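To be precise, the following lines are my_file_34.cif, and they hold mmCIF, C-alpha atoms.
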```cif
data_final
loop_
_atom_site.group_PDB
_atom_site.id
_atom_site.type_symbol
_atom_site.label_atom_id
_atom_site.label_comp_id
_atom_site.auth_asym_id
_atom_site.auth_seq_id
_atom_site.Cartn_x
_atom_site.Cartn_y
_atom_site.Cartn_z
ATOM 1 C CA MET A 1 -8.075 -7.422 -17.527
ATOM 2 C CA THR A 2 -6.183 -8.908 -20.459
ATOM 3 C CA VAL A 3 -2.463 -9.273 -19.699
ATOM 4 C CA SER A 4 -1.334 -11.356 -22.684
ATOM 5 C CA GLY A 5 -2.726 -11.630 -26.201
ATOM 6 C CA GLY A 6 -6.211 -10.290 -26.788
ATOM 7 C CA ASN A 7 -5.409 -8.968 -30.263
ATOM 8 C CA GLY A 8 -7.091 -11.756 -32.157
ATOM 9 C CA GLU A 9 -5.609 -15.090 -33.158
ATOM 10 C CA GLY A 10 -2.245 -14.776 -34.900
ATOM 11 C CA HIS A 11 1.500 -15.323 -34.796
ATOM 12 C CA GLU A 12 2.691 -11.790 -34.034
ATOM 13 C CA LEU A 13 4.273 -11.283 -30.616
ATOM 14 C CA ASN A 14 1.267 -9.335 -29.360
ATOM 15 C CA GLN A 15 -0.978 -12.272 -30.310
ATOM 16 C CA LEU A 16 -1.600 -15.848 -29.223
ATOM 17 C CA SER A 17 -3.166 -18.870 -30.909
ATOM 18 C CA LYS A 18 -5.061 -21.382 -28.761
ATOM 19 C CA PRO A 19 -2.973 -20.894 -25.606
ATOM 20 C CA TRP A 20 -3.130 -23.768 -23.124
ATOM 21 C CA GLY A 21 -1.008 -23.884 -19.948
ATOM 22 C CA ILE A 22 0.812 -21.114 -18.076
ATOM 23 C CA CYS A 23 3.225 -20.639 -15.216
ATOM 24 C CA ILE A 24 4.184 -17.411 -13.454
ATOM 25 C CA ASP A 25 7.479 -16.530 -11.769
ATOM 26 C CA GLU A 26 8.193 -14.303 -8.769
ATOM 27 C CA GLU A 27 8.438 -11.209 -10.995
ATOM 28 C CA LYS A 28 4.978 -11.918 -12.460
ATOM 29 C CA THR A 29 6.416 -12.930 -15.812
ATOM 30 C CA ILE A 30 4.024 -15.322 -17.541
ATOM 31 C CA TYR A 31 5.252 -18.274 -19.581
ATOM 32 C CA VAL A 32 2.494 -19.218 -22.027
ATOM 33 C CA ALA A 33 2.250 -22.441 -24.016
ATOM 34 C CA ASP A 34 1.168 -20.745 -27.252
ATOM 35 C CA GLN A 35 -0.012 -24.029 -28.666
ATOM 36 C CA GLY A 36 -1.249 -22.975 -32.091
ATOM 37 C CA ASN A 37 2.025 -21.140 -32.791
ATOM 38 C CA HIS A 38 4.132 -24.080 -31.556
ATOM 39 C CA ARG A 39 6.087 -21.920 -29.139
ATOM 40 C CA ILE A 40 6.552 -20.835 -25.543
ATOM 41 C CA VAL A 41 6.148 -17.096 -25.058
ATOM 42 C CA LYS A 42 7.478 -15.112 -22.111
ATOM 43 C CA TRP A 43 5.275 -12.142 -21.275
ATOM 44 C CA LYS A 44 6.726 -9.715 -18.736
ATOM 45 C CA LYS A 45 4.521 -7.738 -16.363
ATOM 46 C CA ASP A 46 2.794 -4.814 -18.130
ATOM 47 C CA ALA A 47 4.391 -5.695 -21.487
ATOM 48 C CA ILE A 48 2.406 -5.155 -24.676
ATOM 49 C CA CYS A 49 4.261 -7.938 -26.531
ATOM 50 C CA GLY A 50 5.715 -11.282 -25.628
ATOM 51 C CA GLU A 51 9.083 -12.848 -26.407
ATOM 52 C CA THR A 52 9.524 -16.301 -27.911
ATOM 53 C CA VAL A 53 11.768 -18.326 -25.588
ATOM 54 C CA ALA A 54 11.251 -21.811 -27.051
ATOM 55 C CA GLY A 55 10.070 -23.130 -30.409
ATOM 56 C CA GLY A 56 8.546 -20.900 -33.018
ATOM 57 C CA ASN A 57 10.856 -21.653 -35.948
ATOM 58 C CA GLU A 58 12.256 -24.470 -38.066
ATOM 59 C CA ASN A 59 15.487 -24.787 -36.096
ATOM 60 C CA HIS A 60 13.847 -24.823 -32.688
ATOM 61 C CA ARG A 61 10.770 -26.955 -33.205
ATOM 62 C CA LEU A 62 7.962 -27.655 -30.821
ATOM 63 C CA ASN A 63 4.698 -29.274 -31.844
ATOM 64 C CA PHE A 64 1.583 -28.149 -29.981
ATOM 65 C CA PRO A 65 3.291 -27.583 -26.604
ATOM 66 C CA THR A 66 0.817 -27.564 -23.716
ATOM 67 C CA LYS A 67 2.858 -26.473 -20.686
ATOM 68 C CA ALA A 68 6.206 -24.971 -19.714
ATOM 69 C CA ILE A 69 7.427 -24.899 -16.124
ATOM 70 C CA ILE A 70 10.503 -23.293 -14.614
ATOM 71 C CA ASP A 71 13.364 -25.386 -13.241
ATOM 72 C CA GLU A 72 15.246 -22.782 -11.195
ATOM 73 C CA VAL A 73 18.037 -25.139 -10.139
ATOM 74 C CA ASN A 74 19.038 -25.920 -13.727
ATOM 75 C CA ASP A 75 17.967 -22.496 -15.090
ATOM 76 C CA CYS A 76 15.757 -23.982 -17.753
ATOM 77 C CA LEU A 77 12.195 -24.596 -18.841
ATOM 78 C CA ILE A 78 10.708 -28.084 -18.842
ATOM 79 C CA ILE A 79 8.192 -28.337 -21.663
ATOM 80 C CA ALA A 80 5.371 -30.762 -22.401
ATOM 81 C CA ASP A 81 5.895 -31.072 -26.160
ATOM 82 C CA LEU A 82 2.623 -32.861 -26.841
ATOM 83 C CA GLY A 83 2.753 -33.291 -30.619
ATOM 84 C CA ASN A 84 6.339 -34.559 -30.578
ATOM 85 C CA LYS A 85 5.483 -37.075 -27.818
ATOM 86 C CA ARG A 86 8.226 -35.944 -25.481
ATOM 87 C CA VAL A 87 9.241 -33.811 -22.522
ATOM 88 C CA VAL A 88 12.165 -31.495 -23.215
ATOM 89 C CA ARG A 89 14.517 -29.417 -21.116
ATOM 90 C CA TRP A 90 14.979 -26.012 -22.740
ATOM 91 C CA PRO A 91 17.727 -23.834 -21.214
ATOM 92 C CA ARG A 92 17.090 -20.166 -20.581
ATOM 93 C CA ARG A 93 20.761 -19.398 -21.337
ATOM 94 C CA PRO A 94 21.512 -19.030 -25.067
ATOM 95 C CA ASP A 95 24.823 -20.895 -24.803
ATOM 96 C CA ALA A 96 23.326 -24.095 -23.342
ATOM 97 C CA SER A 97 21.931 -27.019 -25.318
ATOM 98 C CA ARG A 98 18.450 -28.504 -25.286
ATOM 99 C CA GLU A 99 17.795 -32.016 -24.026
ATOM 100 C CA ILE A 100 15.047 -34.587 -24.527
ATOM 101 C CA MET A 101 14.206 -35.776 -21.021
ATOM 102 C CA ILE A 102 11.476 -38.327 -21.799
ATOM 103 C CA GLU A 103 10.462 -39.789 -25.159
ATOM 104 C CA ASN A 104 7.399 -41.648 -26.424
ATOM 105 C CA ILE A 105 4.946 -40.038 -24.042
ATOM 106 C CA ILE A 106 1.847 -38.024 -24.911
ATOM 107 C CA CYS A 107 2.223 -35.556 -22.073
ATOM 108 C CA ILE A 108 -0.443 -32.889 -21.580
ATOM 109 C CA ASP A 109 0.523 -31.446 -18.174
ATOM 110 C CA ILE A 110 3.594 -31.350 -15.940
ATOM 111 C CA ILE A 111 4.429 -30.008 -12.500
ATOM 112 C CA LEU A 112 7.729 -29.819 -10.641
ATOM 113 C CA HIS A 113 7.595 -30.435 -6.889
ATOM 114 C CA GLN A 114 10.364 -29.322 -4.520
ATOM 115 C CA ASN A 115 12.675 -28.878 -7.513
ATOM 116 C CA GLN A 116 13.283 -32.607 -7.680
ATOM 117 C CA TYR A 117 10.120 -34.543 -8.550
ATOM 118 C CA LEU A 118 8.548 -34.226 -11.964
ATOM 119 C CA TYR A 119 4.895 -35.255 -12.280
ATOM 120 C CA ILE A 120 3.722 -36.011 -15.800
ATOM 121 C CA LEU A 121 0.151 -36.558 -16.988
ATOM 122 C CA ASP A 122 0.085 -39.020 -19.897
ATOM 123 C CA ILE A 123 -3.184 -38.387 -21.732
ATOM 124 C CA GLU A 124 -2.890 -41.560 -23.822
ATOM 125 C CA LYS A 125 -2.501 -43.933 -20.865
ATOM 126 C CA GLN A 126 -4.623 -41.791 -18.521
ATOM 127 C CA GLU A 127 -2.065 -41.949 -15.760
ATOM 128 C CA VAL A 128 0.218 -39.651 -13.804
ATOM 129 C CA ARG A 129 3.818 -40.715 -13.296
ATOM 130 C CA ARG A 130 6.471 -39.304 -10.991
ATOM 131 C CA TRP A 131 10.132 -39.015 -11.920
ATOM 132 C CA LYS A 132 12.945 -37.936 -9.658
ATOM 133 C CA LEU A 133 15.167 -35.614 -11.684
ATOM 134 C CA GLY A 134 18.424 -37.277 -12.603
ATOM 135 C CA GLU A 135 17.017 -40.792 -12.203
ATOM 136 C CA ASN A 136 15.241 -43.142 -14.599
ATOM 137 C CA GLU A 137 12.808 -44.749 -12.155
ATOM 138 C CA LYS A 138 9.167 -43.863 -12.648
ATOM 139 C CA VAL A 139 6.241 -44.422 -10.310
ATOM 140 C CA ILE A 140 2.558 -44.352 -11.279
ATOM 141 C CA VAL A 141 0.821 -42.110 -8.739
ATOM 142 C CA ALA A 142 -2.668 -41.808 -10.267
ATOM 143 C CA GLY A 143 -4.683 -43.781 -12.808
ATOM 144 C CA GLY A 144 -2.921 -46.340 -14.939
ATOM 145 C CA ASN A 145 -5.857 -48.745 -15.070
ATOM 146 C CA GLY A 146 -7.350 -47.758 -18.385
ATOM 147 C CA CYS A 147 -9.973 -45.170 -19.165
ATOM 148 C CA GLY A 148 -13.061 -45.314 -16.956
ATOM 149 C CA SER A 149 -15.000 -43.981 -13.992
ATOM 150 C CA ASN A 150 -13.774 -46.256 -11.206
ATOM 151 C CA LEU A 151 -11.756 -44.640 -8.430
ATOM 152 C CA ASN A 152 -8.543 -46.156 -9.784
ATOM 153 C CA GLN A 153 -9.234 -44.800 -13.272
ATOM 154 C CA LEU A 154 -9.342 -41.494 -15.137
ATOM 155 C CA ASN A 155 -11.270 -40.347 -18.194
ATOM 156 C CA ASN A 156 -9.840 -37.483 -20.243
ATOM 157 C CA ALA A 157 -7.763 -36.055 -17.419
ATOM 158 C CA TYR A 158 -5.987 -32.895 -18.582
ATOM 159 C CA PHE A 159 -4.533 -31.028 -15.585
ATOM 160 C CA ILE A 160 -2.852 -31.813 -12.274
ATOM 161 C CA CYS A 161 -1.653 -29.991 -9.163
ATOM 162 C CA ILE A 162 -0.087 -31.013 -5.847
ATOM 163 C CA ASP A 163 -0.469 -29.846 -2.245
ATOM 164 C CA GLN A 164 1.924 -29.432 0.666
ATOM 165 C CA GLU A 165 1.420 -33.048 1.766
ATOM 166 C CA GLU A 166 2.239 -34.402 -1.701
ATOM 167 C CA ALA A 167 -1.357 -35.333 -2.433
ATOM 168 C CA LEU A 168 -2.063 -35.132 -6.148
ATOM 169 C CA TYR A 169 -5.212 -33.567 -7.610
ATOM 170 C CA VAL A 170 -6.449 -34.503 -11.080
ATOM 171 C CA SER A 171 -9.133 -32.769 -13.133
ATOM 172 C CA ASP A 172 -10.926 -35.876 -14.367
ATOM 173 C CA SER A 173 -12.742 -34.044 -17.121
ATOM 174 C CA SER A 174 -15.108 -36.531 -18.711
ATOM 175 C CA ASN A 175 -16.058 -37.862 -15.279
ATOM 176 C CA HIS A 176 -16.920 -34.258 -14.310
ATOM 177 C CA ARG A 177 -14.951 -34.418 -11.078
ATOM 178 C CA VAL A 178 -11.691 -33.590 -9.346
ATOM 179 C CA VAL A 179 -10.010 -36.570 -7.719
ATOM 180 C CA LYS A 180 -7.443 -36.446 -4.914
ATOM 181 C CA TRP A 181 -4.784 -39.137 -4.758
ATOM 182 C CA ILE A 182 -3.086 -39.277 -1.360
ATOM 183 C CA LYS A 183 0.590 -40.189 -1.582
ATOM 184 C CA ASP A 184 1.057 -43.914 -2.312
ATOM 185 C CA ALA A 185 -2.724 -44.511 -2.624
ATOM 186 C CA LYS A 186 -4.020 -47.122 -5.057
ATOM 187 C CA GLU A 187 -7.169 -45.161 -5.865
ATOM 188 C CA GLY A 188 -8.429 -41.609 -5.643
ATOM 189 C CA ILE A 189 -11.037 -39.797 -3.570
ATOM 190 C CA VAL A 190 -13.654 -37.634 -5.298
ATOM 191 C CA ILE A 191 -13.498 -34.260 -3.552
ATOM 192 C CA VAL A 192 -15.260 -32.029 -6.096
ATOM 193 C CA GLY A 193 -18.083 -32.977 -8.439
ATOM 194 C CA GLY A 194 -18.877 -36.601 -9.110
ATOM 195 C CA HIS A 195 -22.610 -35.866 -9.313
ATOM 196 C CA GLY A 196 -22.831 -35.967 -13.081
ATOM 197 C CA LYS A 197 -22.392 -33.161 -15.558
ATOM 198 C CA GLY A 198 -24.270 -29.999 -14.571
ATOM 199 C CA ALA A 199 -24.285 -26.391 -13.430
ATOM 200 C CA ASP A 200 -25.366 -26.914 -9.818
ATOM 201 C CA LEU A 201 -22.735 -25.756 -7.313
ATOM 202 C CA LYS A 202 -22.155 -29.392 -6.379
ATOM 203 C CA GLN A 203 -21.429 -30.269 -9.993
ATOM 204 C CA LEU A 204 -18.827 -29.633 -12.665
ATOM 205 C CA SER A 205 -18.911 -29.756 -16.440
ATOM 206 C CA TYR A 206 -15.645 -30.845 -18.075
ATOM 207 C CA PRO A 207 -13.241 -29.397 -15.465
ATOM 208 C CA GLN A 208 -9.836 -28.332 -16.748
ATOM 209 C CA GLY A 209 -7.107 -26.317 -15.004
ATOM 210 C CA ILE A 210 -6.819 -26.665 -11.217
ATOM 211 C CA PHE A 211 -4.838 -25.025 -8.427
ATOM 212 C CA VAL A 212 -4.653 -25.848 -4.712
ATOM 213 C CA ASP A 213 -3.434 -23.284 -2.161
ATOM 214 C CA ARG A 214 -1.755 -23.794 1.208
ATOM 215 C CA LEU A 215 -5.118 -24.044 2.972
ATOM 216 C CA GLY A 216 -6.322 -26.806 0.698
ATOM 217 C CA THR A 217 -8.725 -24.552 -1.208
ATOM 218 C CA LEU A 218 -9.200 -25.685 -4.804
ATOM 219 C CA TYR A 219 -9.676 -23.374 -7.777
ATOM 220 C CA ILE A 220 -11.114 -25.071 -10.856
ATOM 221 C CA VAL A 221 -11.725 -24.089 -14.451
ATOM 222 C CA ASP A 222 -15.283 -25.383 -14.860
ATOM 223 C CA GLN A 223 -15.052 -25.202 -18.624
ATOM 224 C CA GLY A 224 -18.463 -26.473 -19.659
ATOM 225 C CA ASN A 225 -20.099 -23.910 -17.369
ATOM 226 C CA TYR A 226 -17.785 -21.062 -18.507
ATOM 227 C CA ARG A 227 -16.773 -20.234 -14.949
ATOM 228 C CA ILE A 228 -14.078 -20.500 -12.301
ATOM 229 C CA VAL A 229 -15.185 -22.086 -9.033
ATOM 230 C CA ARG A 230 -13.582 -22.179 -5.602
ATOM 231 C CA TRP A 231 -13.999 -25.095 -3.216
ATOM 232 C CA ILE A 232 -12.891 -24.532 0.352
ATOM 233 C CA LYS A 233 -11.477 -27.672 1.962
ATOM 234 C CA GLY A 234 -14.299 -29.809 3.336
ATOM 235 C CA ALA A 235 -17.071 -27.790 1.637
ATOM 236 C CA LYS A 236 -20.144 -29.524 0.233
ATOM 237 C CA GLU A 237 -20.401 -27.149 -2.713
ATOM 238 C CA GLY A 238 -18.322 -24.554 -4.514
ATOM 239 C CA SER A 239 -18.681 -20.834 -5.092
ATOM 240 C CA ILE A 240 -18.344 -18.992 -8.387
ATOM 241 C CA ILE A 241 -15.483 -16.472 -8.394
ATOM 242 C CA VAL A 242 -15.464 -15.703 -12.124
ATOM 243 C CA ASP A 243 -18.663 -16.010 -14.123
ATOM 244 C CA GLY A 244 -17.526 -16.275 -17.716
ATOM 245 C CA ASN A 245 -21.078 -15.858 -18.982
ATOM 246 C CA SER A 246 -21.207 -12.227 -17.901
ATOM 247 C CA ASN A 247 -20.425 -9.449 -20.397
ATOM 248 C CA GLU A 248 -17.654 -8.106 -18.174
ATOM 249 C CA ASN A 249 -15.864 -11.411 -17.625
ATOM 250 C CA GLN A 250 -16.760 -13.286 -20.801
ATOM 251 C CA LEU A 251 -14.788 -16.485 -21.332
ATOM 252 C CA ASP A 252 -14.692 -18.792 -24.344
ATOM 253 C CA GLY A 253 -13.032 -22.139 -23.843
ATOM 254 C CA PRO A 254 -11.257 -21.370 -20.539
ATOM 255 C CA ILE A 255 -8.577 -23.983 -20.049
ATOM 256 C CA GLY A 256 -5.645 -23.249 -17.700
ATOM 257 C CA LEU A 257 -5.172 -21.120 -14.597
ATOM 258 C CA SER A 258 -2.504 -20.028 -12.165
ATOM 259 C CA PHE A 259 -1.789 -17.485 -9.412
ATOM 260 C CA ASP A 260 0.981 -14.977 -8.814
ATOM 261 C CA ASN A 261 2.518 -14.195 -5.424
ATOM 262 C CA GLU A 262 -0.071 -11.486 -4.722
ATOM 263 C CA ASN A 263 -3.036 -13.837 -5.178
ATOM 264 C CA ASN A 264 -3.977 -12.521 -8.602
ATOM 265 C CA LEU A 265 -5.726 -15.171 -10.681
ATOM 266 C CA TYR A 266 -4.728 -15.721 -14.317
ATOM 267 C CA ILE A 267 -7.036 -17.583 -16.684
ATOM 268 C CA VAL A 268 -6.109 -18.962 -20.090
ATOM 269 C CA ASP A 269 -9.047 -17.873 -22.250
ATOM 270 C CA CYS A 270 -8.204 -20.267 -25.055
ATOM 271 C CA ASN A 271 -10.736 -19.483 -27.769
ATOM 272 C CA ASN A 272 -10.341 -15.743 -27.178
ATOM 273 C CA HIS A 273 -6.554 -16.201 -27.581
ATOM 274 C CA ARG A 274 -5.661 -14.283 -24.426
ATOM 275 C CA ILE A 275 -4.689 -14.489 -20.756
ATOM 276 C CA GLN A 276 -6.974 -12.670 -18.340
ATOM 277 C CA LYS A 277 -6.136 -11.498 -14.828
ATOM 278 C CA PHE A 278 -8.540 -11.268 -11.888
ATOM 279 C CA ASP A 279 -8.360 -10.517 -8.173
ATOM 280 C CA ALA A 280 -9.448 -13.793 -6.581
ATOM 281 C CA ASN A 281 -10.261 -12.031 -3.306
ATOM 282 C CA ASN A 282 -13.176 -10.112 -4.838
#
```
Let's see the structure in the file written out as structure tokens.
Amino acid sequence: MTVSGGNGEGHELNQLSKPWGICIDEEKTIYVADQGNHRIVKWKKDAICGETVAGGNENHRLNFPTKAIIDEVNDCLIIADLGNKRVVRWPRRPDASREIMIENIICIDIILHQNQYLYILDIEKQEVRRWKLGENEKVIVAGGNGCGSNLNQLNNAYFICIDQEEALYVSDSSNHRVVKWIKDAKEGIVIVGGHGKGADLKQLSYPQGIFVDRLGTLYIVDQGNYRIVRWIKGAKEGSIIVDGNSNENQLDGPIGLSFDNENNLYIVDCNNHRIQKFDANN
């Protein structure tokens, strides 16, 4: 079912334009990076319209934002402001001021771990860096050796996620694989794909959004195959949980994904300008 957008591409608050990344809070409110409208939209559960909470006008500018995440401790959003080459802290309180956290970085994805470590995927340098909030020190935790297919390299990586043991997962899109970087490792381990571009259940085609659960199961937007696949930890091949080629579940340019606290799966259906919701248990 469509839970956000789905009314054609546009700038009205019941529409989206090329949405990219999402995050979902405990109340099932969705924060959408409405990239084509240069804004972050908050979409409450069962709402028919969203609410602009960042960007969207001349006085509060964003430029093709790709992700917003919630910093509960500081009651703010942290936004990957791709086109402005920065990461910004955007308060949820109207009386607080905005802050540029990191400048001169082409950041496409961000995650916040344990409310203190910020992981940032730099698409220009093809590397993931870790910052501890409140400190200036940065550590490269994946990539950073130029664009390529070696195990210490990435090629058009767009999304990241992290597990309970602080291992980092990267959707290494143009290498058609997902790579796991154990904490402090100098190179990654291919755990999904890596068999060339294809539609076999051992293969991926331009993977995008990824999510890892507490059991180590990976959920992957297999964009080039218009599907969502699930890889149980240690499996030799994946299983299709959403076939975007079917009439019922048609997807066009699926890009991001996330889960709520009841295991509902949300897919950013970019070229259809909507967010779709599925039961991942079916």
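As for atom CA of Ile106 of chain A and atom CA of Arg86 of chain A, they are spaced 6.7 Å apart.
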(Q) With the PyMOL selection byres ((chain A and resi 16-32) around 6) as the selection, what would be picked from this file? Answer as a PyMOL selection string, please. (A) chain A and resi 5+9-10+15+33-37+40-45+66-67+256+270+273
Q: Could you tell me which residues the PyMOL selection byres ((chain A and resi 49) around 8) grabs in this file, written as number ranges by chain?
A: A: 4-5, 13-15, 43, 47-48, 50-51
Q) Contacts of segment 112-114 of chain A at 8 Å or less, counting only C-alpha atoms, minus same-chain residues fewer than 5 places along, as a PyMOL selection string? A) chain A and resi 69+71+119+162
For Val141 of chain A, please output as a PDB file with C-alpha atoms, in the coordinates of the input all residues within 7 Å (counting only C-alpha atoms; exclusion window: fewer than 3 positions along the same chain).
```
ATOM      1  CA  VAL A 128       0.218 -39.651 -13.804  1.00  0.00           C
ATOM      2  CA  ARG A 129       3.818 -40.715 -13.296  1.00  0.00           C
ATOM      3  CA  ARG A 130       6.471 -39.304 -10.991  1.00  0.00           C
ATOM      4  CA  ASP A 184       1.057 -43.914  -2.312  1.00  0.00           C
TER       5      ASP A 184
END
```
Q: Find the residues around Gly134 of chain A up to 10 Å (only C-alpha atoms counted), leave out those fewer than 4 positions away in its own chain, and share them as a count of residues only.
A: 3
Q: For segment 216-222 of chain A, please output as a PyMOL selection string all residues within 8 Å (counting only C-alpha atoms; exclusion window: fewer than 5 positions along the same chain).
A: chain A and resi 163+204-211+227-233+254-257
(Q) Distance cut-off 7 Å, centre (14.1, -31.4, -22.6) in file coordinates, counting all atoms listed in the file: which residues qualify? Return them as a list in words. (A)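 Final list of nearby residues, as requested, is Ile78, Ile79, Val87, Val88, Arg89, Trp90, Arg98, Glu99, Ile100 and Met101 of chain A.
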Q: Would you work out the distance separating atom CA of Ser97 of chain A from atom CA of Leu62 of chain A, expressed in Å to one decimal?
A: 15.0 Å
Q. What does the distance from atom CA of Cys147 of chain A to atom CA of Asn63 of chain A come to in Å, to one decimal?
A.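 For atom CA of Cys147 of chain A relative to atom CA of Asn63 of chain A, the distance reads 25.1 Å.
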For segment 164-170 of chain A, list every protein, DNA or RNA residue within 7 Å, evaluated using only C-alpha atoms, and leave out those in the same chain fewer than 5 positions away; present the list as a PDB file with C-alpha atoms, in the coordinates of the input.
```pdb
ATOM      1  CA  ALA A 157      -7.763 -36.055 -17.419  1.00  0.00           C
ATOM      2  CA  PHE A 159      -4.533 -31.028 -15.585  1.00  0.00           C
ATOM      3  CA  VAL A 178     -11.691 -33.590  -9.346  1.00  0.00           C
ATOM      4  CA  VAL A 179     -10.010 -36.570  -7.719  1.00  0.00           C
ATOM      5  CA  LYS A 180      -7.443 -36.446  -4.914  1.00  0.00           C
ATOM      6  CA  TRP A 181      -4.784 -39.137  -4.758  1.00  0.00           C
ATOM      7  CA  ILE A 182      -3.086 -39.277  -1.360  1.00  0.00           C
ATOM      8  CA  LYS A 183       0.590 -40.189  -1.582  1.00  0.00           C
ATOM      9  CA  ARG A 214      -1.755 -23.794   1.208  1.00  0.00           C
TER      10      ARG A 214
END
```
Give me the residues of segment 183-204 of chain A that have any atom at most 12 Å from an atom of segment 239-253 of chain A; for each, the nearest atom pair and the distance in Å, rounded to one decimal. Use all atoms listed in the file, sort by chain and number, and format it as CSV.
```
residue,atom,partner,partner_atom,distance
A:Val192,CA,A:Ser239,CA,11.7
A:Ala199,CA,A:Ile240,CA,10.7
A:Asp200,CA,A:Ser239,CA,10.2
A:Leu201,CA,A:Ser239,CA,6.8
A:Lys202,CA,A:Ser239,CA,9.3
A:Gln203,CA,A:Ser239,CA,11.0
A:Leu204,CA,A:Ile240,CA,11.5
```
Q) How would you write, as a ChimeraX atom specification, the residues chosen by the PyMOL selection byres ((chain A and resi 105) around 7) on this structure? A) /A:85-86,103-104,106-107,122
Q | Selected residue of minimal separation from Glu262 of chain A among A:Asp279, A:Glu12, A:Glu237, A:Asp172, counting only C-alpha atoms | A |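 Residue with the minimum atom-to-atom distance to Glu262 of chain A: A:Asp279.
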Q | Closest of A:Leu82, A:Ile191, A:Cys76, A:Val212 to Asp95 of chain A - atom-to-atom distances counting all atoms listed in the file | A |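 Using all atoms listed in the file, Asp95 of chain A sits closest to A:Cys76.
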